[in-house]
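File shown here: protein.cif, holding mmCIF, C-alpha atoms.
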```
data_entry
#
loop_
_atom_site.label_atom_id
_atom_site.label_comp_id
_atom_site.auth_asym_id
_atom_site.auth_seq_id
_atom_site.Cartn_x
_atom_site.Cartn_y
_atom_site.Cartn_z
CA MET A 1365 182.81 75.09 68.77
CA MET A 1366 182.57 71.39 69.55
CA CYS A 1367 182.30 70.12 73.13
CA ALA A 1368 185.73 69.37 74.56
CA GLU A 1369 184.80 65.87 75.67
CA THR A 1370 182.61 63.75 73.41
CA ALA A 1371 181.55 61.44 76.23
CA THR A 1372 180.42 64.37 78.32
CA GLY A 1373 178.57 65.85 75.35
CA ASP A 1374 176.74 62.60 74.65
CA TRP A 1375 175.76 62.26 78.30
CA TRP A 1376 174.54 65.85 78.36
CA ALA A 1377 172.52 65.35 75.17
CA ARG A 1378 170.73 62.39 76.70
CA GLY A 1379 170.01 64.51 79.76
CA ILE A 1380 168.63 67.36 77.66
CA VAL A 1381 166.37 65.07 75.63
CA GLY A 1382 165.17 63.40 78.80
CA LYS A 1383 164.30 66.73 80.39
CA ILE A 1384 162.40 67.97 77.34
CA GLY A 1385 160.58 64.68 76.98
CA GLY A 1386 159.68 64.66 80.67
CA GLY A 1387 156.68 66.93 80.18
CA PHE A 1388 154.15 67.39 77.42
CA SER A 1389 156.31 69.24 74.90
CA HIS A 1390 154.89 69.20 71.36
CA GLU A 1391 158.16 69.56 69.47
CA SER A 1392 158.59 66.75 66.92
CA GLU A 1393 161.39 64.25 67.46
CA HIS A 1394 163.07 65.48 64.27
CA ASP A 1395 162.99 69.14 65.35
CA LEU A 1396 164.17 68.18 68.83
CA ALA A 1397 167.10 66.19 67.46
CA LEU A 1398 168.12 69.11 65.24
CA MET A 1399 167.92 71.56 68.14
CA VAL A 1400 170.03 69.39 70.44
CA SER A 1401 172.59 68.62 67.71
CA ASP A 1402 172.96 72.27 66.74
CA PHE A 1403 173.18 73.32 70.38
CA LEU A 1404 175.91 70.80 71.19
CA GLU A 1405 177.93 71.71 68.11
CA ASN A 1406 177.61 75.49 68.31
CA GLY A 1407 176.70 76.46 71.84
CA CYS A 1408 178.08 73.87 74.24
CA SER A 1409 181.25 74.34 76.22
CA SER A 1410 182.13 71.73 78.82
CA GLY A 1411 184.47 72.71 81.60
CA ALA A 1412 185.95 70.80 84.50
CA ASP A 1413 183.08 71.89 86.74
CA SER A 1414 180.30 71.11 84.27
CA ARG A 1415 178.89 68.29 86.38
CA CYS A 1416 178.48 70.52 89.41
CA SER A 1417 174.96 70.88 90.81
CA SER A 1418 175.64 72.97 93.92
CA ASP A 1419 175.12 76.71 94.17
CA SER A 1420 177.89 79.28 94.06
CA ASP A 1421 177.56 82.20 96.49
CA SER A 1422 176.67 84.76 93.81
CA GLY A 1423 174.38 82.34 91.99
CA LEU A 1424 172.57 81.48 95.23
CA SER A 1425 171.91 85.18 95.88
CA ASP A 1426 170.54 85.71 92.37
CA LEU A 1427 168.27 82.68 92.54
CA HIS A 1428 167.04 83.58 96.03
CA HIS A 1429 165.96 86.97 94.67
CA LEU A 1430 164.16 85.33 91.75
CA GLY A 1431 162.47 82.90 94.13
CA ASP A 1432 161.09 85.88 96.07
CA LYS A 1433 159.57 87.20 92.84
CA ILE A 1434 157.79 83.89 92.23
CA SER A 1435 156.34 84.01 95.75
CA PHE A 1436 155.07 87.54 95.15
CA TYR A 1437 153.50 86.67 91.79
CA LYS A 1438 151.68 83.72 93.35
CA ARG A 1439 150.19 86.02 95.99
CA THR A 1440 149.23 88.83 93.59
CA VAL A 1441 146.17 87.31 91.99
CA ALA A 1442 142.82 88.68 90.82
CA GLN A 1443 139.72 87.31 92.53
CA TYR A 1444 138.39 85.81 89.29
CA GLU A 1445 141.66 83.95 88.69
CA SER A 1446 141.68 82.66 92.26
CA ASP A 1447 138.11 81.37 91.94
CA LEU A 1448 138.84 79.80 88.56
CA LEU A 1449 141.95 78.12 89.99
CA SER A 1450 139.84 76.56 92.77
CA THR A 1451 137.36 75.35 90.17
CA VAL A 1452 140.10 73.86 87.99
CA HIS A 1453 141.59 72.01 90.96
CA SER A 1454 138.17 70.55 91.80
CA LEU A 1455 137.41 69.55 88.21
CA VAL A 1456 140.79 67.90 87.59
CA LYS A 1457 140.04 65.54 90.48
CA LEU A 1458 136.81 64.50 88.73
CA ILE A 1459 138.57 63.36 85.55
CA LYS A 1460 138.87 59.57 85.45
CA GLU A 1461 141.59 57.64 83.71
CA SER A 1462 138.95 56.02 81.49
CA ASP A 1463 138.06 59.50 80.15
CA LEU A 1464 141.51 59.80 78.62
CA HIS A 1465 140.87 56.95 76.18
CA HIS A 1466 137.91 58.62 74.49
CA VAL A 1467 139.41 61.91 73.40
CA LYS A 1468 142.25 61.46 70.94
CA SER A 1469 143.96 58.50 69.33
CA GLY A 1470 147.72 58.19 69.15
CA PRO A 1471 150.23 59.92 71.48
CA CYS A 1472 148.34 62.99 72.60
CA ASN A 1473 150.70 64.95 74.88
CA ALA A 1474 147.97 65.76 77.43
CA SER A 1475 145.32 66.65 74.84
CA CYS A 1476 143.08 64.11 76.52
CA ILE A 1477 143.40 65.90 79.87
CA ASN A 1478 142.90 69.30 78.25
CA PHE A 1479 139.73 68.29 76.40
CA SER A 1480 138.30 66.52 79.45
CA LEU A 1481 138.91 69.62 81.56
CA VAL A 1482 137.43 71.93 78.91
CA LYS A 1483 134.29 69.79 78.81
CA LEU A 1484 133.82 70.15 82.56
CA LEU A 1485 134.58 73.87 82.48
CA ARG A 1486 131.97 74.45 79.78
CA LEU A 1487 129.42 72.46 81.80
CA SER A 1488 130.22 74.88 84.62
CA GLY A 1489 129.36 77.87 82.41
CA TYR A 1490 132.85 78.97 81.40
CA ASP A 1491 133.78 80.00 77.85
CA ALA A 1492 136.69 77.54 77.75
CA ALA A 1493 138.51 75.95 74.82
CA VAL A 1494 141.65 74.02 73.95
CA CYS A 1495 144.11 76.30 72.12
CA ALA A 1496 146.66 74.96 69.66
CA SER A 1497 149.45 77.44 68.94
CA LYS A 1498 152.13 77.12 66.29
CA TRP A 1499 155.06 79.27 65.24
CA GLN A 1500 157.83 79.22 62.68
CA GLY A 1501 161.41 79.44 63.83
CA SER A 1502 163.25 82.71 63.37
CA GLY A 1503 166.70 83.74 64.48
CA LYS A 1504 167.57 81.87 67.65
CA VAL A 1505 163.96 80.79 68.30
CA PRO A 1506 163.27 77.23 67.04
CA ARG A 1507 159.90 76.45 65.50
CA GLY A 1508 157.38 74.59 67.59
CA ASP A 1509 153.80 74.20 68.74
CA HIS A 1510 151.97 73.99 72.03
CA GLU A 1511 148.53 73.18 73.40
CA TYR A 1512 146.86 74.74 76.42
CA ILE A 1513 143.44 75.96 77.62
CA ASP A 1514 142.01 79.46 77.69
CA VAL A 1515 138.90 80.94 79.33
CA PHE A 1516 137.36 84.26 78.34
CA ASN A 1517 136.34 86.33 81.32
CA CYS A 1518 133.72 88.97 80.42
CA ILE A 1519 134.70 92.04 82.42
CA ASN A 1520 131.87 94.25 81.17
CA ALA A 1521 129.77 94.80 78.04
CA GLY A 1522 132.01 94.38 75.01
CA SER A 1523 135.15 93.75 77.04
CA SER A 1524 136.75 90.45 78.04
CA GLU A 1525 140.04 89.12 79.34
CA ARG A 1526 141.75 85.90 78.28
CA VAL A 1527 142.82 83.63 81.15
CA ILE A 1528 145.36 80.88 80.44
CA ILE A 1529 145.34 77.37 81.93
CA ASP A 1530 148.31 75.01 81.55
CA VAL A 1531 147.93 71.61 83.22
CA ASP A 1532 151.65 70.76 83.32
CA PHE A 1533 153.20 74.15 83.90
CA ARG A 1534 156.43 73.13 85.62
CA SER A 1535 157.59 70.85 82.81
CA HIS A 1536 158.27 73.87 80.58
CA PHE A 1537 161.17 74.91 82.81
CA GLU A 1538 163.00 71.66 83.50
CA ILE A 1539 166.69 71.86 82.69
CA ALA A 1540 169.63 69.46 82.78
CA ARG A 1541 171.80 69.37 85.91
CA ALA A 1542 169.97 72.16 87.72
CA VAL A 1543 171.50 73.53 90.92
CA ASP A 1544 169.61 72.95 94.16
CA SER A 1545 168.16 76.45 94.44
CA TYR A 1546 166.79 76.26 90.89
CA ASP A 1547 165.00 73.03 91.77
CA ARG A 1548 163.44 74.79 94.75
CA ILE A 1549 162.20 77.62 92.51
CA LEU A 1550 160.85 75.09 90.00
CA LYS A 1551 158.92 73.29 92.74
CA SER A 1552 157.51 76.61 93.97
CA LEU A 1553 155.78 77.23 90.63
CA PRO A 1554 152.05 76.47 90.35
CA VAL A 1555 151.36 72.83 89.49
CA ILE A 1556 148.63 74.09 87.14
CA TYR A 1557 148.95 77.66 85.89
CA VAL A 1558 145.73 79.70 85.88
CA GLY A 1559 146.10 83.40 85.15
CA SER A 1560 146.43 86.25 82.71
CA LEU A 1561 148.98 86.51 79.93
CA THR A 1562 150.51 89.46 81.75
CA ARG A 1563 151.18 87.45 84.90
CA LEU A 1564 152.35 84.50 82.81
CA LYS A 1565 154.94 86.72 81.13
CA GLN A 1566 156.27 87.64 84.57
CA TYR A 1567 156.74 83.97 85.44
CA LEU A 1568 158.47 83.31 82.12
CA GLN A 1569 160.92 86.18 82.61
CA VAL A 1570 161.86 84.96 86.09
CA MET A 1571 162.27 81.34 85.01
CA ALA A 1572 164.39 82.24 81.98
CA ASP A 1573 166.66 84.31 84.25
CA ALA A 1574 166.76 81.50 86.84
CA ALA A 1575 167.63 78.88 84.20
CA ARG A 1576 170.42 81.08 82.84
CA SER A 1577 171.83 81.57 86.36
CA SER A 1578 171.68 77.85 87.16
CA LEU A 1579 173.30 76.81 83.89
CA LYS A 1580 175.97 79.51 84.21
CA GLN A 1581 177.09 77.99 87.51
CA ASN A 1582 177.70 74.74 85.63
CA SER A 1583 179.49 76.55 82.77
CA MET A 1584 176.60 75.73 80.46
CA PRO A 1585 174.86 78.15 78.04
CA LEU A 1586 171.10 78.59 77.95
CA PRO A 1587 169.58 76.23 75.33
CA PRO A 1588 167.27 77.93 72.80
CA TRP A 1589 164.20 75.96 73.95
CA ARG A 1590 164.52 77.53 77.42
CA SER A 1591 165.02 81.10 76.19
CA LEU A 1592 162.44 83.74 77.05
CA ALA A 1593 161.53 84.22 73.37
CA TYR A 1594 160.83 80.51 72.90
CA LEU A 1595 158.81 80.26 76.11
CA GLN A 1596 156.70 83.28 75.16
CA ALA A 1597 156.05 81.80 71.72
CA LYS A 1598 154.12 78.93 73.32
CA TRP A 1599 151.34 81.17 74.64
CA HIS A 1600 151.70 84.33 72.53
CA SER A 1601 151.75 82.80 69.04
CA PRO A 1602 148.68 82.60 66.75
CA TYR A 1603 146.32 79.87 67.95
CA GLN A 1604 143.10 78.06 67.12
CA ARG A 1605 140.39 77.37 69.69
CA GLN A 1606 138.65 74.00 69.79
CA PHE A 1607 135.86 72.94 72.14
CA ASP A 1608 135.72 69.20 71.42
CA LEU A 1609 136.95 66.63 68.95
CA GLY A 1610 133.52 65.87 67.51
CA GLU A 1611 132.12 62.43 66.87
CA GLN A 1612 135.19 60.31 66.28
CA ASN A 1613 135.71 56.58 66.68
CA PHE A 1614 138.57 55.73 68.98
CA SER A 1615 137.79 52.06 69.43
CA SER A 1616 141.35 51.08 68.45
CA ILE A 1617 143.05 53.27 71.04
CA ASP A 1618 146.14 51.73 72.56
CA SER A 1619 146.41 52.43 76.30
CA SER A 1620 150.15 52.98 75.85
CA ASP A 1621 149.31 56.13 73.88
CA HIS A 1622 148.04 57.63 77.13
CA LYS A 1623 150.55 56.13 79.55
CA GLN A 1624 152.26 59.46 80.18
CA CYS A 1625 148.94 61.28 80.45
CA SER A 1626 147.59 58.66 82.87
CA GLY A 1627 150.67 59.01 85.03
CA HIS A 1628 150.35 62.80 85.11
CA LEU A 1629 146.62 62.61 85.90
CA LYS A 1630 147.27 60.22 88.78
CA SER A 1631 149.96 62.46 90.22
CA LEU A 1632 147.93 65.68 90.03
CA PRO A 1633 145.75 65.23 93.18
CA SER A 1634 148.75 64.61 95.44
CA SER A 1635 150.76 67.40 93.78
CA LEU A 1636 147.87 69.86 94.21
CA GLN A 1637 147.37 68.76 97.82
CA PHE A 1638 151.06 69.26 98.58
CA GLU A 1639 150.95 72.68 96.95
CA MET A 1640 147.87 73.67 98.93
CA GLU A 1641 149.40 72.59 102.23
CA GLY A 1642 152.55 74.55 101.46
CA GLU A 1643 150.54 77.73 100.84
CA ARG A 1644 148.03 77.33 103.65
CA PHE A 1645 149.58 80.12 105.69
CA VAL A 1646 150.30 82.42 102.73
CA LYS A 1647 147.55 85.01 102.30
CA PRO A 1648 146.94 85.87 98.63
CA ILE A 1649 146.69 89.48 97.51
CA LYS A 1650 143.44 89.71 95.56
CA SER A 1651 142.43 92.69 93.48
CA ASP A 1652 138.66 92.44 93.29
CA ASN A 1653 135.61 90.75 94.81
CA ASN A 1654 133.13 90.84 91.93
CA TRP A 1655 133.16 87.20 90.93
CA ARG A 1656 132.38 85.27 94.13
CA VAL A 1657 128.65 84.92 93.42
CA LYS A 1658 129.18 83.68 89.85
CA PHE A 1659 131.83 81.26 91.06
CA GLU A 1660 129.51 79.70 93.64
CA ARG A 1661 126.65 79.43 91.14
CA ARG A 1662 128.85 77.72 88.55
CA ARG A 1663 130.24 75.28 91.09
CA HIS A 1664 126.78 74.27 92.34
CA SER A 1665 125.38 73.93 88.82
CA LEU A 1666 128.27 71.69 87.81
CA PHE A 1667 127.80 69.25 90.65
CA ARG A 1668 124.06 69.12 89.99
CA ALA A 1669 124.82 68.24 86.34
CA LEU A 1670 127.24 65.49 87.36
#
```
As structure tokens, how would this structure be written, given the file I've shared?
Amino acid sequence: MMCAETATGDWWARGIVGKIGGGFSHESEHDLALMVSDFLENGCSSGADSRCSSDSDSGLSDLHHLGDKISFYKRTVAQYESDLLSTVHSLVKLIKESDLHHVKSGPCNASCINFSLVKLLRLSGYDAAVCASKWQGSGKVPRGDHEYIDVFNCINAGSSERVIIDVDFRSHFEIARAVDSYDRILKSLPVIYVGSLTRLKQYLQVMADAARSSLKQNSMPLPPWRSLAYLQAKWHSPYQRQFDLGEQNFSSIDSSDHKQCSGHLKSLPSSLQFEMEGERFVKPIKSDNNWRVKFERRRHSLFRAL
């Protein structure tokens, strides 16, 4: 079914593309255009209230409940993940803008930040790598690819746990014309996600439900690139680990290739500070205390190396 009003549909399409392009999404422009076109032609229905961005009573109740879940998930964190998060916050502040120009040529969608952070993590003794995932579309899930960081945490002999790091976590959940309560939930998410795949899946479920509730209040369907299946594909699809980009010559790098990355890097310290101040009086629920000594040793060894 076509949108009832072409002007409204065109305006919405621009809003959707802007939201997806706002973060470090790795979908190609061609795939993105096809997704938006197909969505507008087959899934969009514009009603008289489609421009509304305020909460309905029932929608507000649903989103408030989902916001409570996010707060709980942020407090339920293993000691190792909490220590790693503190390390990541410290290391991100050490990355200089000049570092971004010696990692990858061409538009890099935060690869430069990821590889710079992985380098510092490995200097700190962590088994960290940049992971590039890719998946083929099937059913209602469009094809795509994503890049993030993982760290292997050795629990005991022969056993390890994979911890995920995403340096621009909130951008995965931006939607067009979000209601106020959805924006509040979005801003309550971690600026940088550090945690297990299990906890990540909990976040994804909540945010997919929250997006559906917000869009429903504006008489808008959930776009396929914000569905739970698509979100899970980013971190659960087959991936390749990479530690560095080797000896490559990037003498011809254009600073405009890293303009978006530079802007994100500059905004991270203030965003992390704001997040920390907001959670100062929230006591985390930690599940173990076995990693404090290793954390302190790694932190001290890093700063000696630098």
- Compare A:Ala1575, A:Ile1529, A:Arg1644, A:Leu1464 by their minimum atom-to-atom distance to A:Val1494, counting all atoms listed in the file, and give me the closest one.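 Among the listed residues, A:Ile1529 lies closest to A:Val1494.
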- Message: When you look at stretch 1633-1639 of chain A with a cut-off of 8 Å (counting only C-alpha atoms), what residues show up, excluding the ones that are within fewer than 5 positions of it in the same chain? I need them as an MDAnalysis selection string.
- Response: chainID A and resid 1453 1456:1457 1554:1555
- Selection dump of the PyMOL selection byres ((chain A and resi 1429-1436) around 12), as a ChimeraX atom specification: /A:1422-1428,1437-1441,1545-1554,1563-1578,1642-1643,1646-1650
- May I ask for the distance between atom CA of A:Phe1516 and atom CA of A:Lys1498, given in Å to one decimal place?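 Atom-to-atom, atom CA of A:Phe1516 and atom CA of A:Lys1498 are spaced 20.4 Å apart.
Going from atom CA of A:Tyr1594 to atom CA of A:Arg1507 covers 8.5 Å.
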- Message: One number please: atom CA of A:Lys1623 to atom CA of A:Lys1460, in Å, one decimal.
- Response: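 Going from atom CA of A:Lys1623 over to atom CA of A:Lys1460 covers 13.5 Å.
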Draw an axis-aligned box over all listed atoms of stretch 1445-1463 of chain A, pad each side with 3 Å, and write its centre and edge lengths in Å, one decimal, as JSON.
```
{"center_x": 139.4, "center_y": 70.0, "center_z": 86.5, "size_x": 11.1, "size_y": 33.9, "size_z": 18.6}
```
- Item | Top pick for closest residue to A:Pro1587, considering A:Phe1537, A:Ile1519, A:Leu1455, A:Glu1511 and counting only C-alpha atoms | A:Phe1537
- Task: Select, from A:His1536, A:Glu1461, A:Pro1506, A:Tyr1557, the residue with the minimum atom-to-atom distance to A:Ser1631, counting all atoms listed in the file.
- Result: A:Glu1461
- Which of these, A:Arg1526, A:Arg1605, A:Arg1534, A:His1600, has the shortest distance to A:Ala1493 once you count only C-alpha atoms?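 Once distances to A:Ala1493 are computed over only C-alpha atoms, the minimum belongs to A:Arg1605.
With only C-alpha atoms as the atoms that count, the minimum distance from A:Glu1445 to the choices A:Gly1559, A:Gly1503, A:Gly1508, A:Gly1489 is reached by A:Gly1559.
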- Message: When you count all atoms listed in the file, which of these residues is closest to A:Ala1542: A:Ala1496, A:Ile1556, A:Val1515, A:Met1584?
- Response: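 Closest candidate: A:Met1584.
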- Can you pull out every residue within 9 Å of A:Ser1601, counting all atoms listed in the file, but drop anything in the same chain fewer than 4 positions away, and send it as JSON, numbers by chain? {"A": [1497, 1498, 1499, 1509, 1596, 1597]}
